[in-house]
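Shown next: work-v9.txt, given as compact mmCIF, C-alpha atoms.
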```txt
# COMPACT_ATOMS: atom_id res chain seq x y z
CA ALA A 1 0.00 0.00 0.00
CA ARG A 2 1.29 3.48 -0.87
CA SER A 3 1.90 5.81 2.04
CA HIS A 4 -0.08 9.05 2.22
CA PRO A 5 1.92 12.07 0.98
CA HIS A 6 1.27 13.96 4.23
CA ALA A 7 2.68 11.00 6.18
CA ARG A 8 5.85 11.12 4.08
CA VAL A 9 6.17 14.85 4.73
CA ARG A 10 5.82 14.31 8.48
CA THR A 11 8.45 11.54 8.36
CA THR A 12 10.88 13.76 6.48
CA ARG A 13 10.25 16.68 8.85
CA HIS A 14 10.81 14.43 11.87
CA PHE A 15 14.06 13.16 10.38
CA TYR A 16 15.44 16.61 9.63
CA SER A 17 14.26 17.89 13.01
CA THR A 18 16.31 15.21 14.73
CA MET A 19 19.27 15.78 12.44
CA ALA A 20 19.22 19.53 13.12
CA ALA A 21 21.48 19.06 16.15
CA VAL A 22 24.43 18.14 13.95
CA ILE A 23 24.03 20.71 11.20
CA SER A 24 27.13 22.41 12.63
CA CYS A 25 29.15 19.53 14.06
CA SER A 26 32.36 21.52 14.41
CA ALA A 27 30.62 24.09 16.61
CA LEU A 28 29.16 21.33 18.80
CA ALA A 29 32.51 19.56 19.10
CA ALA A 30 34.16 22.78 20.28
CA ARG A 31 31.77 22.84 23.24
CA VAL A 32 32.63 19.30 24.23
CA VAL A 33 35.08 19.39 27.09
CA SER A 34 34.22 16.37 29.17
CA GLY A 35 31.52 13.74 28.71
CA SER A 36 28.73 14.35 26.20
CA ALA A 37 27.30 17.57 24.83
CA THR A 38 23.54 17.52 25.26
CA GLY A 39 21.17 19.74 23.34
CA SER A 40 17.50 20.46 23.89
CA ARG A 41 15.47 17.31 23.26
CA ALA A 42 12.44 19.53 22.68
CA ARG A 43 14.14 20.69 19.50
CA GLY A 44 15.20 17.21 18.44
CA ALA A 45 18.78 17.51 19.61
CA VAL A 46 20.89 14.45 20.27
CA ASN A 47 23.43 13.30 22.81
CA LEU A 48 26.96 13.34 21.48
CA ARG A 49 29.56 10.88 22.65
CA ALA A 50 32.65 12.37 24.25
CA VAL A 51 35.27 13.49 21.78
CA LYS A 52 38.78 12.42 22.70
CA MET A 53 41.18 15.30 23.19
CA THR A 54 44.94 15.40 23.68
CA ASN A 55 47.24 18.00 25.21
CA ALA A 56 49.16 19.98 22.62
CA LYS A 57 52.78 20.96 23.18
CA GLY A 58 53.57 24.48 24.32
CA ARG A 59 50.62 25.98 26.17
CA GLY A 60 48.73 22.81 26.90
CA ALA A 61 45.95 23.64 24.46
CA LEU A 62 43.37 21.01 23.58
CA VAL A 63 43.36 19.62 20.09
CA VAL A 64 40.08 18.13 18.90
CA SER A 65 39.93 15.70 16.02
CA ALA A 66 37.44 17.36 13.68
CA ALA A 67 36.91 14.14 11.74
CA SER A 68 36.06 12.22 14.93
CA ALA A 69 33.69 14.97 16.03
CA VAL A 70 31.86 14.91 12.72
CA ALA A 71 31.57 11.12 12.64
CA SER A 72 30.41 10.95 16.26
CA GLY A 73 27.86 13.71 15.86
CA TYR A 74 26.25 12.50 12.67
CA ALA A 75 26.28 8.83 13.70
CA SER A 76 24.64 9.70 17.03
CA ALA A 77 22.00 11.74 15.24
CA LEU A 78 21.22 8.88 12.87
CA VAL A 79 20.76 6.43 15.76
CA GLU A 80 18.49 8.95 17.50
CA ALA A 81 16.50 9.55 14.31
CA CYS A 82 15.78 5.84 13.88
CA GLY A 83 13.64 5.96 16.99
CA ASP A 84 12.62 2.31 17.16
CA ALA A 85 14.38 -1.03 16.86
CA LYS A 86 12.86 -1.90 13.48
CA ALA A 87 14.12 1.27 11.81
CA LEU A 88 17.50 0.90 13.51
CA GLU A 89 17.94 -2.61 12.13
CA SER A 90 17.00 -1.50 8.62
CA VAL A 91 19.34 1.49 8.66
CA HIS A 92 22.11 -0.66 10.13
CA GLY A 93 21.76 -3.05 7.21
CA ASP A 94 21.90 -0.11 4.80
CA MET A 95 25.08 1.23 6.39
CA GLU A 96 26.69 -2.19 6.09
CA THR A 97 25.73 -2.25 2.41
CA ILE A 98 27.26 1.20 1.88
CA THR A 99 30.48 0.19 3.64
CA ALA A 100 30.81 -3.01 1.62
CA TYR A 101 29.99 -1.24 -1.65
CA MET A 102 32.59 1.46 -1.11
CA ALA A 103 35.20 -1.09 -0.08
CA ALA A 104 34.58 -2.96 -3.33
CA ASN A 105 34.44 0.26 -5.37
CA PRO A 106 37.06 2.73 -4.04
CA SER A 107 36.40 5.08 -6.96
CA VAL A 108 32.95 5.81 -5.52
CA GLY A 109 34.48 7.12 -2.30
CA THR A 110 36.89 9.25 -4.30
CA PHE A 111 34.01 10.63 -6.34
CA LEU A 112 31.89 11.48 -3.28
CA SER A 113 34.85 13.13 -1.55
CA ASN A 114 35.72 15.26 -4.56
CA PRO A 115 34.70 18.86 -3.72
CA THR A 116 34.61 19.81 -7.41
CA MET A 117 31.75 17.39 -8.15
CA GLU A 118 28.29 18.93 -7.95
CA ALA A 119 25.85 17.87 -5.22
CA PRO A 120 23.15 16.72 -7.71
CA GLN A 121 25.65 14.32 -9.30
CA LYS A 122 26.53 12.81 -5.92
CA LYS A 123 22.88 12.51 -4.96
CA ASP A 124 22.15 10.78 -8.26
CA VAL A 125 24.80 8.12 -7.57
CA LEU A 126 23.50 7.61 -4.03
CA ALA A 127 19.90 7.48 -5.24
CA LYS A 128 20.74 4.70 -7.70
CA LEU A 129 22.50 2.73 -4.96
CA GLY A 130 19.58 3.31 -2.59
CA LYS A 131 17.06 2.13 -5.16
CA GLU A 132 19.03 -0.97 -6.02
CA ALA A 133 19.59 -1.89 -2.36
CA ASP A 134 16.11 -0.74 -1.25
CA PHE A 135 17.38 1.66 1.42
CA HIS A 136 15.19 2.79 4.31
CA PRO A 137 13.84 6.38 3.86
CA PHE A 138 15.95 7.54 6.82
CA THR A 139 19.10 6.27 5.12
CA LYS A 140 18.24 8.10 1.91
CA ASN A 141 17.50 11.31 3.80
CA PHE A 142 20.69 10.94 5.79
CA LEU A 143 22.89 10.51 2.72
CA ASN A 144 21.31 13.53 1.05
CA LEU A 145 21.87 15.56 4.20
CA LEU A 146 25.55 14.60 4.21
CA VAL A 147 25.82 15.79 0.63
CA ASP A 148 24.06 19.08 1.45
CA LYS A 149 26.37 19.69 4.41
CA LYS A 150 29.47 18.65 2.45
CA ARG A 151 30.11 15.76 4.84
CA ILE A 152 29.55 12.86 2.44
CA GLY A 153 33.34 12.46 2.26
CA ASN A 154 33.20 11.32 5.90
CA ILE A 155 30.69 8.56 5.22
CA GLU A 156 33.11 5.70 6.00
CA GLU A 157 34.12 7.21 9.36
CA ILE A 158 30.46 7.92 10.14
CA ALA A 159 29.49 4.35 9.23
CA GLU A 160 32.20 2.99 11.54
CA GLU A 161 30.99 5.15 14.41
CA PHE A 162 27.38 4.19 13.68
CA GLU A 163 28.37 0.52 13.90
CA SER A 164 29.87 1.13 17.34
CA LEU A 165 26.76 2.95 18.56
CA TYR A 166 24.52 0.25 17.12
CA CYS A 167 26.42 -2.45 18.99
CA ASP A 168 26.22 -0.44 22.22
CA SER A 169 22.47 0.08 21.91
CA THR A 170 21.69 -3.53 20.97
CA ASP A 171 24.21 -5.24 23.31
CA THR A 172 26.01 -6.75 20.33
CA GLN A 173 29.51 -8.18 20.62
CA ILE A 174 31.61 -8.13 17.46
CA ALA A 175 34.04 -11.00 16.97
CA THR A 176 36.52 -11.47 14.13
CA VAL A 177 37.07 -15.12 13.26
CA THR A 178 40.15 -15.80 11.14
CA SER A 179 40.50 -19.34 9.80
CA ALA A 180 42.82 -21.18 7.43
CA VAL A 181 39.86 -22.06 5.22
CA LYS A 182 36.32 -20.74 4.98
CA LEU A 183 34.20 -21.96 7.89
CA GLU A 184 30.83 -23.61 7.39
CA ASN A 185 27.73 -21.87 8.76
CA GLU A 186 27.36 -24.50 11.49
CA GLN A 187 30.93 -23.92 12.62
CA GLN A 188 30.36 -20.16 12.74
CA PHE A 189 27.19 -20.72 14.77
CA MET A 190 29.03 -22.84 17.32
CA ILE A 191 31.79 -20.25 17.67
CA ALA A 192 29.23 -17.46 18.10
CA LYS A 193 27.39 -19.46 20.74
CA LYS A 194 30.60 -20.05 22.68
CA ILE A 195 31.53 -16.35 22.58
CA GLN A 196 28.04 -15.45 23.74
CA GLU A 197 28.45 -17.77 26.73
CA MET A 198 31.83 -16.23 27.54
CA THR A 199 30.79 -12.59 27.23
CA GLY A 200 27.12 -12.69 28.22
CA ALA A 201 26.29 -10.46 25.25
CA LYS A 202 22.74 -10.53 23.90
CA ASN A 203 23.90 -10.71 20.29
CA ILE A 204 27.09 -11.85 18.56
CA LYS A 205 28.19 -10.61 15.16
CA LEU A 206 30.91 -12.65 13.48
CA LYS A 207 33.23 -11.18 10.88
CA PRO A 208 34.85 -14.15 9.12
CA GLU A 209 38.26 -13.81 7.48
CA VAL A 210 40.54 -16.33 5.79
CA ASP A 211 44.31 -16.56 6.38
CA PRO A 212 45.98 -19.70 4.93
CA SER A 213 49.13 -19.02 7.00
CA LEU A 214 47.27 -20.37 10.04
CA LEU A 215 47.64 -23.83 8.43
CA GLY A 216 44.45 -25.03 10.16
CA GLY A 217 41.97 -24.14 12.89
CA PHE A 218 41.00 -20.56 13.68
CA VAL A 219 41.71 -17.45 15.75
CA VAL A 220 39.02 -15.33 17.40
CA LYS A 221 39.33 -11.70 18.51
CA TYR A 222 36.50 -10.04 20.42
CA GLY A 223 35.79 -7.35 23.00
CA LYS A 224 36.87 -3.73 22.99
CA ASP A 225 39.77 -3.25 20.58
CA GLY A 226 40.07 -7.02 20.20
CA SER A 227 41.17 -7.48 23.81
CA GLY A 228 39.64 -10.98 23.91
CA PHE A 229 41.72 -13.56 22.08
CA ILE A 230 41.28 -17.29 21.39
CA ASP A 231 43.91 -19.13 19.34
CA MET A 232 42.82 -22.54 18.10
CA SER A 233 45.04 -22.48 14.99
CA VAL A 234 47.65 -25.05 14.01
CA GLN A 235 50.21 -22.26 13.65
CA GLY A 236 49.38 -21.10 17.16
CA GLN A 237 49.97 -24.59 18.52
CA ILE A 238 53.29 -24.78 16.66
CA ASN A 239 54.36 -21.47 18.16
CA THR A 240 53.40 -22.70 21.64
CA ILE A 241 55.48 -25.83 21.21
CA LYS A 242 58.42 -23.76 19.94
CA ASN A 243 58.22 -21.52 22.99
CA GLU A 244 58.12 -24.53 25.32
CA ILE A 245 61.20 -25.97 23.65
CA VAL A 246 63.06 -22.68 23.97
CA VAL A 247 62.12 -22.34 27.64
CA ALA A 248 63.11 -25.95 28.35
```

Translate the structure described by the file into structure tokens.
Amino acid sequence: ARSHPHARVRTTRHFYSTMAAVISCSALAARVVSGSATGSRARGAVNLRAVKMTNAKGRGALVVSAASAVASGYASALVEACGDAKALESVHGDMETITAYMAANPSVGTFLSNPTMEAPQKKDVLAKLGKEADFHPFTKNFLNLLVDKKRIGNIEEIAEEFESLYCDSTDTQIATVTSAVKLENEQQFMIAKKIQEMTGAKNIKLKPEVDPSLLGGFVVKYGKDGSGFIDMSVQGQINTIKNEIVVA
């Protein structure tokens, strides 16, 4: 069934109202000193995650990573705009599609980042991708907004930050599984189940990779910055034996 035009207008207005908080991300980031910068929720503002700062040499000034501020602000706004779990899941899938597409087609990222290319041309490329992949309306609006605000060149950083926020909000643990050969779905399921038992996370997202140098078995990295590590590879066992021989 086709949605009523007034309903679409309300949806678009709601989206842009929520996104209004990050229209000037650099200005918001400058106000972030410690913790999160919080705007007025009555005006659709969003909570921004803390922006990491480092002491600069000389007078101890604070240097803010503008790229991090932009990615954090826009990603936070997109999560807020989704509103409910169903929309969040759809938009998350869209962002994964965008990330994979740009990784497979680096020229697209170069094109979108090129300041000499006109906005209508960039929107046309994104519209074709959105139509082919059946993007959620919020995703389409978001991409157009990034083009309008000349932030589409930051889409990969924004997508990475969005992934982090998504995992936080859905209690999802990301685990990278590197194996000597491609694992079967049943094997991946068993690994995910074991990690879930170990971490207590509600959801587990596996990112499979293949590295023939492992000779056999697999290696799993999970947790913040890959702090969790499980080595079940043949190469790992060989290294262990070597170390034992050296110590002996």

Restricting the calculation to only C-alpha atoms, which member of A:Asn144, A:Ser213, A:Thr178, A:Gln173 is positioned closest to Glu197 of chain A? A:Gln173

Can you work out the spacing between atom CA of Phe135 of chain A and atom CA of Cys167 of chain A in Å, to one decimal?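 Straight-line distance from atom CA of Phe135 of chain A to atom CA of Cys167 of chain A works out to 20.2 Å.
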
Which neighbours of Lys123 of chain A fall inside 10 Å, counting only C-alpha atoms, when residues of the same chain fewer than 2 positions from it are skipped, and could you give them as a ChimeraX atom specification? /A:112,118-121,125-129,140,143-148,152

In Å and to one decimal, atom CA of Leu165 of chain A is distant from atom CA of Ser68 of chain A by 13.6 Å

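The space separating atom CA of Thr99 of chain A from atom CA of Asp211 of chain A comes to 21.9 Å.
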